[in-house]
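Next comes entry-v9.cif, with mmCIF, C-alpha atoms.
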```cif
data_run
loop_
_atom_site.label_atom_id
_atom_site.label_comp_id
_atom_site.auth_asym_id
_atom_site.auth_seq_id
_atom_site.Cartn_x
_atom_site.Cartn_y
_atom_site.Cartn_z
CA MET E 1 0.00 0.00 0.00
CA SER E 2 3.04 2.26 0.07
CA ARG E 3 3.47 2.31 -3.69
CA PRO E 4 3.90 5.86 -5.04
CA ASP E 5 1.12 5.26 -7.59
CA TYR E 6 -1.34 3.99 -4.96
CA ILE E 7 -4.30 6.31 -4.31
CA PRO E 8 -6.21 5.24 -1.16
CA SER E 9 -9.35 7.20 -2.01
CA LEU E 10 -9.78 5.26 -5.25
CA ASP E 11 -9.72 2.02 -3.28
CA GLY E 12 -12.52 3.43 -1.16
CA LEU E 13 -14.45 4.51 -4.24
CA ARG E 14 -14.15 0.98 -5.60
CA GLY E 15 -15.44 -0.34 -2.28
CA VAL E 16 -18.49 1.95 -2.38
CA ALA E 17 -19.28 0.82 -5.93
CA ALA E 18 -18.96 -2.86 -4.96
CA LEU E 19 -21.31 -2.42 -2.00
CA LEU E 20 -23.88 -0.71 -4.22
CA VAL E 21 -23.76 -3.64 -6.67
CA VAL E 22 -24.36 -6.00 -3.75
CA GLY E 23 -27.25 -3.84 -2.59
CA ALA E 24 -28.74 -3.90 -6.07
CA HIS E 25 -28.91 -7.71 -5.96
CA ILE E 26 -30.55 -8.07 -2.55
CA GLY E 27 -33.87 -8.10 -4.38
CA LEU E 28 -32.79 -11.17 -6.35
CA ILE E 29 -32.23 -13.14 -3.18
CA PHE E 30 -35.17 -11.67 -1.27
CA PRO E 31 -38.02 -10.97 -3.72
CA ILE E 32 -40.39 -9.80 -0.98
CA THR E 33 -37.97 -7.00 -0.06
CA ALA E 34 -37.25 -6.04 -3.68
CA PRO E 35 -40.06 -3.46 -4.09
CA HIS E 36 -38.70 -1.47 -1.15
CA LEU E 37 -35.14 -1.23 -2.51
CA VAL E 38 -33.52 1.55 -4.50
CA THR E 39 -30.93 -0.05 -6.77
CA MET E 40 -27.85 1.66 -8.16
CA GLY E 41 -26.08 -1.25 -9.82
CA ASP E 42 -25.75 0.29 -13.28
CA GLU E 43 -24.21 3.45 -11.84
CA ALA E 44 -21.74 1.39 -9.82
CA VAL E 45 -20.64 -0.66 -12.85
CA GLY E 46 -20.29 2.49 -14.96
CA LEU E 47 -18.08 3.95 -12.26
CA PHE E 48 -16.04 0.73 -12.28
CA PHE E 49 -15.45 1.14 -16.02
CA ALA E 50 -14.34 4.77 -15.68
CA LEU E 51 -12.11 3.82 -12.75
CA SER E 52 -10.51 1.08 -14.81
CA GLY E 53 -9.74 3.50 -17.64
CA PHE E 54 -8.28 5.99 -15.15
CA LEU E 55 -6.01 3.42 -13.52
CA MET E 56 -4.69 2.06 -16.80
CA ALA E 57 -3.68 5.54 -17.96
CA HIS E 58 -2.37 6.49 -14.52
CA LEU E 59 -0.31 3.33 -13.99
CA TYR E 60 0.96 2.74 -17.53
CA GLY E 61 0.47 5.91 -19.58
CA SER E 62 3.85 7.41 -18.70
CA ARG E 63 5.82 4.21 -19.34
CA PRO E 64 7.52 3.63 -22.69
CA VAL E 65 5.46 1.57 -25.11
CA THR E 66 7.74 -1.40 -25.69
CA ARG E 67 6.90 -4.98 -26.52
CA GLU E 68 8.07 -6.08 -23.07
CA ASN E 69 5.98 -3.46 -21.26
CA VAL E 70 2.87 -4.26 -23.27
CA LEU E 71 3.26 -7.99 -22.58
CA ASP E 72 3.82 -7.27 -18.88
CA PHE E 73 0.65 -5.17 -18.87
CA LEU E 74 -1.48 -7.84 -20.57
CA VAL E 75 -0.23 -10.61 -18.30
CA SER E 76 -0.74 -8.46 -15.21
CA ARG E 77 -4.32 -7.63 -16.18
CA PHE E 78 -5.14 -11.24 -17.10
CA ALA E 79 -3.65 -12.47 -13.82
CA ARG E 80 -5.64 -9.86 -11.94
CA ILE E 81 -8.97 -11.05 -13.34
CA TYR E 82 -8.95 -14.59 -14.65
CA PRO E 83 -8.10 -16.93 -11.72
CA VAL E 84 -10.83 -15.65 -9.42
CA TYR E 85 -13.21 -15.18 -12.36
CA LEU E 86 -12.70 -18.81 -13.37
CA ALA E 87 -13.39 -19.94 -9.79
CA ALA E 88 -16.64 -17.94 -9.79
CA VAL E 89 -17.73 -19.41 -13.14
CA ILE E 90 -17.07 -22.95 -11.92
CA LEU E 91 -19.04 -22.34 -8.71
CA VAL E 92 -22.01 -20.89 -10.58
CA ALA E 93 -21.92 -23.76 -13.08
CA MET E 94 -21.97 -26.26 -10.22
CA LEU E 95 -24.91 -24.53 -8.54
CA SER E 96 -26.72 -24.31 -11.89
CA SER E 97 -26.36 -28.05 -12.48
CA MET E 98 -27.91 -29.05 -9.14
CA GLN E 99 -31.48 -30.22 -9.59
CA ASN E 100 -34.21 -28.53 -7.57
CA LEU E 101 -31.79 -25.82 -6.40
CA ASP E 102 -33.11 -23.23 -8.88
CA PHE E 103 -30.07 -20.97 -8.77
CA ILE E 104 -31.21 -17.48 -9.73
CA GLN E 105 -28.47 -16.57 -12.28
CA PRO E 106 -27.63 -19.91 -13.87
CA ILE E 107 -25.16 -20.94 -16.53
CA VAL E 108 -27.69 -22.91 -18.50
CA SER E 109 -25.70 -25.32 -20.69
CA GLY E 110 -22.31 -26.72 -21.58
CA ALA E 111 -22.00 -24.25 -24.45
CA ASP E 112 -22.86 -21.41 -22.08
CA PHE E 113 -20.17 -22.65 -19.69
CA VAL E 114 -17.60 -22.68 -22.52
CA ARG E 115 -18.56 -19.12 -23.46
CA HIS E 116 -17.95 -18.04 -19.90
CA ILE E 117 -14.60 -19.84 -19.76
CA PHE E 118 -13.52 -17.89 -22.84
CA LEU E 119 -14.78 -14.61 -21.37
CA LEU E 120 -17.83 -14.35 -23.60
CA GLY E 121 -20.57 -15.18 -21.10
CA SER E 122 -23.22 -12.92 -19.63
CA SER E 123 -24.78 -14.74 -16.70
CA GLY E 124 -25.36 -12.45 -13.73
CA VAL E 125 -22.49 -10.06 -13.04
CA PHE E 126 -20.26 -11.87 -15.54
CA TRP E 127 -21.56 -9.67 -18.36
CA SER E 128 -19.20 -6.83 -17.32
CA ILE E 129 -16.00 -8.90 -17.51
CA PRO E 130 -15.78 -9.30 -21.35
CA PRO E 131 -15.88 -5.50 -21.96
CA GLU E 132 -13.16 -5.09 -19.35
CA ILE E 133 -10.91 -7.62 -21.08
CA GLN E 134 -11.68 -6.09 -24.48
CA PHE E 135 -10.61 -2.69 -23.15
CA TYR E 136 -7.33 -4.20 -21.93
CA LEU E 137 -6.70 -5.48 -25.46
CA LEU E 138 -7.47 -2.04 -26.86
CA PHE E 139 -5.41 -0.17 -24.28
CA PRO E 140 -1.98 -0.67 -25.97
CA VAL E 141 -3.36 1.34 -28.91
CA LEU E 142 -4.57 4.02 -26.50
CA TRP E 143 -1.20 3.80 -24.76
CA LEU E 144 0.53 4.72 -28.02
CA CYS E 145 -1.82 7.69 -28.39
CA LEU E 146 -1.01 8.88 -24.88
CA ALA E 147 2.72 8.53 -25.47
CA GLN E 148 2.85 10.15 -28.93
CA PRO E 149 -0.39 12.07 -29.58
CA HIS E 150 0.96 13.93 -32.62
CA ARG E 151 2.11 10.77 -34.35
CA TYR E 152 -1.13 8.90 -33.73
CA SER E 153 -3.56 11.78 -34.19
CA GLY E 154 -5.56 9.77 -36.73
CA ILE E 155 -6.31 7.07 -34.14
CA ILE E 156 -7.28 9.73 -31.60
CA VAL E 157 -9.71 11.24 -34.12
CA GLY E 158 -11.13 7.77 -34.81
CA LEU E 159 -11.70 7.08 -31.11
CA THR E 160 -13.32 10.49 -30.71
CA VAL E 161 -15.70 9.78 -33.59
CA ALA E 162 -16.53 6.39 -32.06
CA VAL E 163 -17.41 8.04 -28.75
CA VAL E 164 -19.60 10.68 -30.44
CA VAL E 165 -21.42 8.08 -32.53
CA ASP E 166 -21.87 5.96 -29.44
CA GLY E 167 -23.46 8.90 -27.65
CA LEU E 168 -25.76 9.73 -30.57
CA VAL E 169 -26.89 6.15 -31.17
CA GLU E 170 -27.39 5.53 -27.42
CA LEU E 171 -26.34 1.90 -27.53
CA PRO E 172 -27.68 -0.16 -24.62
CA GLY E 173 -25.26 -0.49 -21.72
CA PRO E 174 -25.43 -4.05 -20.36
CA GLY E 175 -23.89 -6.55 -22.76
CA ILE E 176 -20.60 -8.28 -23.41
CA LEU E 177 -19.34 -5.92 -26.15
CA LEU E 178 -17.05 -2.99 -25.41
CA VAL E 179 -18.60 -0.57 -27.86
CA SER E 180 -21.41 0.75 -25.64
CA LYS E 181 -19.06 1.04 -22.64
CA LEU E 182 -16.19 2.63 -24.56
CA PRO E 183 -16.93 6.24 -23.46
CA TYR E 184 -16.61 5.26 -19.79
CA PHE E 185 -13.19 3.71 -20.33
CA LEU E 186 -11.93 6.48 -22.62
CA PHE E 187 -13.11 9.39 -20.47
CA GLY E 188 -11.66 7.60 -17.45
CA ALA E 189 -8.33 7.21 -19.27
CA LEU E 190 -8.41 10.91 -20.19
CA ALA E 191 -8.91 11.75 -16.52
CA GLY E 192 -5.99 9.48 -15.66
CA MET E 193 -3.76 11.25 -18.16
CA MET E 194 -4.78 14.67 -16.82
CA HIS E 195 -4.11 13.56 -13.25
CA SER E 196 -0.36 13.85 -13.77
CA TYR E 197 -0.77 17.48 -14.86
CA TRP E 198 -2.70 18.41 -11.72
CA ASN E 199 0.23 18.07 -9.33
CA SER E 200 0.32 21.82 -8.67
CA TRP E 201 -3.38 21.90 -7.75
CA ILE E 202 -4.04 21.35 -4.05
CA PRO E 203 -7.80 20.84 -3.61
CA SER E 204 -9.60 22.55 -0.77
CA ALA E 205 -12.10 21.25 1.74
CA LEU E 206 -14.84 22.80 -0.41
CA THR E 207 -13.65 20.64 -3.31
CA GLY E 208 -13.94 17.60 -1.06
CA ILE E 209 -17.52 18.48 -0.13
CA LEU E 210 -18.43 19.05 -3.78
CA THR E 211 -16.83 15.71 -4.69
CA LEU E 212 -18.98 13.83 -2.18
CA PHE E 213 -22.03 15.76 -3.37
CA ALA E 214 -21.29 14.89 -7.01
CA LEU E 215 -20.86 11.25 -6.05
CA ALA E 216 -24.23 11.24 -4.26
CA VAL E 217 -25.96 12.92 -7.21
CA PHE E 218 -24.36 10.48 -9.65
CA PHE E 219 -25.86 7.52 -7.81
CA THR E 220 -29.28 8.99 -7.03
CA TYR E 221 -30.27 11.40 -9.80
CA ARG E 222 -32.25 8.82 -11.77
CA HIS E 223 -34.36 8.07 -8.71
CA ILE E 224 -34.81 11.69 -7.63
CA LEU E 225 -35.48 12.98 -11.16
CA PRO E 226 -36.66 9.95 -13.15
CA GLY E 227 -37.79 12.07 -16.08
CA PHE E 228 -34.44 13.83 -16.42
CA SER E 229 -32.49 10.86 -17.78
CA PRO E 230 -34.21 7.49 -17.59
CA GLU E 231 -31.36 5.77 -19.44
CA PHE E 232 -28.13 5.62 -17.44
CA TRP E 233 -25.79 4.41 -20.17
CA SER E 234 -25.22 7.71 -21.90
CA LEU E 235 -22.40 10.05 -22.83
CA GLN E 236 -23.31 12.40 -20.01
CA SER E 237 -23.01 9.74 -17.33
CA ALA E 238 -19.67 8.61 -18.79
CA VAL E 239 -18.32 12.15 -18.48
CA ALA E 240 -19.72 12.46 -14.96
CA ALA E 241 -18.14 9.17 -13.89
CA ALA E 242 -14.74 10.24 -15.23
CA VAL E 243 -14.96 13.64 -13.52
CA ILE E 244 -15.82 12.02 -10.20
CA VAL E 245 -12.95 9.55 -10.48
CA GLY E 246 -10.57 12.39 -11.36
CA LEU E 247 -11.71 14.47 -8.38
CA VAL E 248 -11.51 11.55 -5.95
CA ALA E 249 -7.99 10.77 -7.20
CA ARG E 250 -6.82 14.21 -6.05
CA GLN E 251 -7.82 13.12 -2.52
CA PRO E 252 -9.45 16.40 -1.50
CA PRO E 253 -9.97 16.96 2.24
CA ILE E 254 -13.15 15.55 3.77
CA ALA E 255 -13.78 13.34 0.71
CA ALA E 256 -10.44 11.61 1.27
CA ARG E 257 -11.23 11.18 4.96
CA VAL E 258 -14.43 9.37 4.02
CA LEU E 259 -13.25 7.31 1.07
CA ALA E 260 -9.78 6.46 2.41
CA ALA E 261 -11.12 5.28 5.76
CA GLY E 262 -10.02 1.78 6.69
CA PRO E 263 -13.40 0.00 6.47
CA VAL E 264 -14.21 1.55 3.10
CA ARG E 265 -10.77 0.64 1.72
CA PHE E 266 -11.24 -2.90 3.02
CA PHE E 267 -14.26 -3.32 0.76
CA GLY E 268 -12.23 -1.80 -2.05
CA LYS E 269 -9.52 -4.38 -1.44
CA ILE E 270 -11.94 -7.32 -1.72
CA SER E 271 -14.22 -5.60 -4.24
CA PHE E 272 -13.57 -7.90 -7.19
CA SER E 273 -14.12 -11.10 -5.22
CA LEU E 274 -17.18 -9.52 -3.61
CA TYR E 275 -18.49 -8.48 -7.01
CA LEU E 276 -18.10 -11.96 -8.50
CA PHE E 277 -19.20 -14.11 -5.56
CA HIS E 278 -21.81 -12.14 -3.62
CA VAL E 279 -24.84 -13.59 -5.43
CA PRO E 280 -23.96 -17.31 -4.99
CA ILE E 281 -22.77 -16.74 -1.41
CA MET E 282 -25.93 -14.84 -0.43
CA PHE E 283 -28.06 -17.43 -2.21
CA LEU E 284 -26.47 -20.27 -0.24
CA ALA E 285 -26.59 -18.28 3.01
CA ARG E 286 -30.31 -17.72 2.61
CA LEU E 287 -30.90 -21.43 2.00
CA THR E 288 -28.93 -22.21 5.15
CA PHE E 289 -30.47 -19.70 7.56
CA ASP E 290 -33.90 -19.12 6.02
CA ALA E 291 -35.91 -20.87 8.74
CA LEU E 292 -33.92 -19.47 11.65
CA MET E 293 -34.71 -15.75 11.61
CA PRO E 294 -36.97 -13.07 10.10
CA GLU E 295 -36.08 -11.65 6.73
CA PRO E 296 -34.57 -8.31 7.87
CA ALA E 297 -32.13 -10.12 10.14
CA LEU E 298 -31.53 -12.73 7.43
CA ILE E 299 -30.55 -9.98 4.97
CA MET E 300 -27.96 -8.65 7.40
CA VAL E 301 -26.58 -12.16 7.97
CA THR E 302 -26.29 -12.88 4.25
CA LEU E 303 -24.52 -9.56 3.66
CA PHE E 304 -22.06 -10.36 6.45
CA VAL E 305 -21.45 -13.87 5.11
CA ALA E 306 -20.91 -12.43 1.60
CA ALA E 307 -18.27 -10.01 2.91
CA VAL E 308 -16.46 -12.70 4.90
CA GLY E 309 -16.64 -15.13 1.98
CA ALA E 310 -15.30 -12.50 -0.43
CA TRP E 311 -12.41 -11.75 1.92
CA PHE E 312 -11.61 -15.47 2.16
CA ILE E 313 -11.70 -15.90 -1.62
CA HIS E 314 -9.58 -12.77 -2.08
CA GLU E 315 -6.92 -14.19 0.24
CA THR E 316 -6.98 -17.81 -0.97
CA ILE E 317 -7.72 -17.54 -4.70
CA GLU E 318 -7.52 -14.01 -6.06
CA VAL E 319 -4.17 -12.89 -4.60
CA PRO E 320 -2.31 -16.26 -4.80
CA GLY E 321 -3.63 -16.87 -8.33
CA ARG E 322 -2.46 -13.46 -9.49
CA ARG E 323 0.96 -13.88 -7.92
CA TRP E 324 1.39 -17.36 -9.37
CA LEU E 325 0.57 -16.28 -12.92
CA VAL E 326 2.76 -13.18 -12.72
CA GLN E 327 5.65 -15.21 -11.30
CA LEU E 328 5.17 -17.85 -14.01
CA TRP E 329 5.35 -15.11 -16.63
CA GLN E 330 8.43 -13.55 -15.05
CA ASP E 331 10.20 -16.90 -15.06
CA ASN E 332 9.39 -17.50 -18.72
CA ARG E 333 10.23 -13.92 -19.58
CA SER E 334 13.65 -14.32 -17.95
CA ARG E 335 14.29 -17.42 -20.00
CA LEU E 336 13.23 -15.56 -23.15
CA VAL E 337 15.65 -12.75 -22.37
CA TRP E 338 18.37 -15.32 -21.66
CA ARG E 339 17.79 -16.97 -25.02
CA GLU E 340 18.02 -13.61 -26.78
CA THR E 341 21.25 -12.61 -25.08
CA PRO E 342 23.63 -14.45 -27.49
CA VAL E 343 21.86 -12.81 -30.41
CA GLY E 344 22.28 -9.43 -28.79
CA GLN E 345 25.94 -10.18 -28.14
CA MET E 346 26.44 -11.22 -31.77
CA ASN E 347 24.78 -8.04 -33.01
CA ARG E 348 26.99 -5.96 -30.76
CA ALA E 349 30.04 -7.91 -31.95
CA ILE E 350 29.16 -7.17 -35.57
CA LEU E 351 28.81 -3.48 -34.83
CA ASP E 352 32.11 -3.47 -32.91
CA LEU E 353 33.91 -5.22 -35.76
CA GLN E 354 32.43 -2.83 -38.29
CA GLU E 355 33.68 0.08 -36.20
CA ILE E 356 37.14 -1.53 -35.97
CA GLU E 357 37.10 -2.04 -39.72
CA LYS E 358 36.37 1.64 -40.31
CA ARG E 359 39.10 2.74 -37.92
CA LEU E 360 41.67 0.36 -39.42
CA LEU E 361 40.87 1.41 -42.97
CA SER E 362 41.13 5.05 -41.92
CA GLY E 363 44.43 4.33 -40.16
CA ALA E 364 45.85 2.44 -43.14
CA THR E 365 44.99 5.27 -45.52
CA SER E 366 46.58 7.82 -43.21
CA THR E 367 49.76 5.76 -42.89
CA MET E 368 50.13 5.35 -46.66
CA VAL E 369 49.76 9.10 -47.11
CA ASP E 370 52.40 9.74 -44.47
CA GLN E 371 54.77 7.26 -46.14
CA ARG E 372 54.43 9.03 -49.47
CA GLN E 373 55.11 12.35 -47.81
CA VAL E 374 58.11 11.14 -45.74
CA PRO E 375 60.21 8.78 -47.92
CA THR E 376 63.06 8.58 -45.41
CA THR E 377 61.05 6.52 -42.91
CA PRO E 378 63.39 3.78 -41.54
CA THR E 379 62.71 0.23 -42.68
CA PRO E 380 62.20 -2.46 -40.03
CA PRO E 381 64.97 -5.04 -39.73
CA ASP E 382 62.91 -7.77 -41.38
CA GLY E 383 62.47 -5.57 -44.46
CA ALA E 384 58.65 -5.31 -44.01
CA GLU E 385 56.57 -2.15 -43.63
CA GLY E 386 55.46 -3.04 -40.11
CA THR E 387 52.61 -0.58 -39.58
CA VAL E 388 51.03 -1.15 -42.96
CA ILE E 389 51.38 -4.92 -42.76
CA GLN E 390 49.87 -4.95 -39.26
CA ASP E 391 46.90 -2.87 -40.46
CA ASP E 392 46.39 -5.18 -43.43
CA ARG E 393 46.24 -8.17 -41.09
CA ASN E 394 43.73 -6.50 -38.79
CA GLU E 395 41.70 -5.39 -41.78
CA SER E 396 41.63 -8.90 -43.20
CA PHE E 397 40.66 -10.30 -39.80
CA ALA E 398 37.86 -7.75 -39.46
CA HIS E 399 36.51 -8.55 -42.93
CA SER E 400 36.59 -12.28 -42.21
CA ALA E 401 34.93 -11.94 -38.80
CA VAL E 402 32.17 -9.72 -40.14
CA ALA E 403 31.52 -12.05 -43.04
CA ALA E 404 31.38 -15.06 -40.72
CA LEU E 405 28.99 -13.39 -38.30
CA ARG E 406 26.76 -12.18 -41.14
CA HIS E 407 26.44 -15.73 -42.44
#
```

As structure tokens, please, write out the structure in this file.
Amino acid sequence: MSRPDYIPSLDGLRGVAALLVVGAHIGLIFPITAPHLVTMGDEAVGLFFALSGFLMAHLYGSRPVTRENVLDFLVSRFARIYPVYLAAVILVAMLSSMQNLDFIQPIVSGADFVRHIFLLGSSGVFWSIPPEIQFYLLFPVLWLCLAQPHRYSGIIVGLTVAVVVDGLVELPGPGILLVSKLPYFLFGALAGMMHSYWNSWIPSALTGILTLFALAVFFTYRHILPGFSPEFWSLQSAVAAAVIVGLVARQPPIAARVLAAGPVRFFGKISFSLYLFHVPIMFLARLTFDALMPEPALIMVTLFVAAVGAWFIHETIEVPGRRWLVQLWQDNRSRLVWRETPVGQMNRAILDLQEIEKRLLSGATSTMVDQRQVPTTPTPPDGAEGTVIQDDRNESFAHSAVAALRH
């Protein structure tokens, strides 16, 4: 947690979003309570998307775009998501296959299970994972644009047009394709890029209050003013999500005290496991304790069990799985670098020999000119022109070595 690029308030923001997703699904587990709930799941997922775009630009945007860095990025992102995602898919598939269990968000067939394994499934909360992965695959292109905007201005214009068209067409939000979620990622990435230019700005306590107010409005405006914007997935909400993420990242007073508080950051820490597993855990908890207590108390128990279960999965699957995959990649990457080292040495040897060849040819020419200008130069005892003969030998050796290395 002491990394220089770590922003505690963003962890808290992630925790708030995860809790709101959990709250949005209470009605699935407890249908009687559902009419009394105000759900904010779409807003929370949209904020997740903008936060993801921000972090990718913040963490990687200033690094050089090399093949090694791009591969490191892709492996890191895959390791961050896939092990715990795969565990969640397997658990849901097992629950879906149990007769008379009637799991509420099932994976309905073998083909559906395969789609989920290959990150193309849409059961329950899994629908948001494919767009996330697709954005990771797109990010190296965006990375190039961030690093060299003048050189890749055409791509920037193309992405801008895509965002505008997306806003005009008003594509539906939920779904496994990136296109309708692209503005959230791109505006979030823009906020992440701008974050590095805001170092001289020290936000005030008033900014912190306005940040918390904007966050509250973002989550509640559709319920307070339902006629204002009945559709959440819009260009306006994407901009609002990115602005909120950018403001929170500056850690303004008061807002930072709330969002960087230990309990809130705890939920941010386990947010991905909580997001993936809360529905099956709450479903099983309700089956276990249903006859033991009234529904209000049962809801509190299932929420507690979901949090504890998410923490356990985070510690036993998510973190070890990520570390294992990253370490596996680092080991293979080291071997790859080791294999390439002789080639690099040979290339350097060729360049060194070519440089020697140039110097020797230059030296030989200079010596011959000097000999023509000074005819009284003493002759070595063996009757040979020592300097010139020595240069000829080095020159011949250089030519032979270069030719051998080239072949």

Query raised in the report: Using only C-alpha atoms, which residues sit within 7 Å of Pro183 in chain E once same-chain residues fewer than 2 positions away are excluded, as a ChimeraX atom specification?
Result: /E:163,181,185-187,235,238

Report task. Could you state which residues are captured by the PyMOL selection byres ((chain E and resi 117) around 10) in this file, as an MDAnalysis selection string? Result -> chainID E and resid 82 85:86 89:90 111:116 118:121

Query raised in the report: Just so the selection is clear, what residues does the PyMOL selection byres ((chain E and resi 164) around 12) cover here, as an MDAnalysis selection string?
Result: chainID E and resid 157:163 165:171 179:180 182:183 186:187 234:236 238

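The space between CA of Ala93 in chain E and CA of Gly175 in chain E spans 19.8 Å.
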
Query raised in the report: Nearest to Leu138 in chain E among E:Gly12, E:Gly173, E:Gly154, E:Gly53, with distances taken over all atoms listed in the file: which residue is it?
Result: E:Gly53

Requested in this report: Find the residue from E:Ala260, E:Leu225, E:Leu142, E:Ala307 that sits nearest to Ser273 in chain E; use only C-alpha atoms when measuring.
Outcome: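 Of E:Ala260, E:Leu225, E:Leu142, E:Ala307, the one nearest Ser273 in chain E, counting only C-alpha atoms, is E:Ala307.
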
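Once the PyMOL selection byres ((chain E and resi 8) around 8) is applied to this file, the selection holds Tyr6, Ile7, Ser9, Leu10, Asp11, Gly12, Leu259, Ala260 and Arg265 of chain E.
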
Query - Computed interatomic separation between CA of Ala306 in chain E and CA of Met282 in chain E (Å) - result: 5.9 Å

**Report entry** Interatomic distance, CA of Ala44 in chain E to CA of Arg80 in chain E (Å, one decimal)
**Finding:**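 About the pair CA of Ala44 in chain E and CA of Arg80 in chain E: they are 19.8 Å apart.
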
**Report entry** Shell of 12 Å around Arg63 in chain E, all atoms listed in the file, local chain residues under 6 positions omitted, as a VMD selection string
**Finding:** chain E and resid 56 to 57 69 to 70 72 to 73 140 143 to 144 146 to 148 193

Requested in this report: Select, from E:Ile209, E:Ile202, E:Val301, E:Leu74, the residue with the minimum atom-to-atom distance to Leu287 in chain E, counting all atoms listed in the file.
Outcome: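 The answer is E:Val301, which sits nearest to Leu287 in chain E.
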
Which centre and which edge lengths, in Å to one decimal, describe the axis-aligned box that holds all listed atoms of range 39-42 of chain E after 6 Å is added on each side, as JSON?
```
{"center_x": -28.3, "center_y": 0.2, "center_z": -10.0, "size_x": 17.2, "size_y": 14.9, "size_z": 18.5}
```
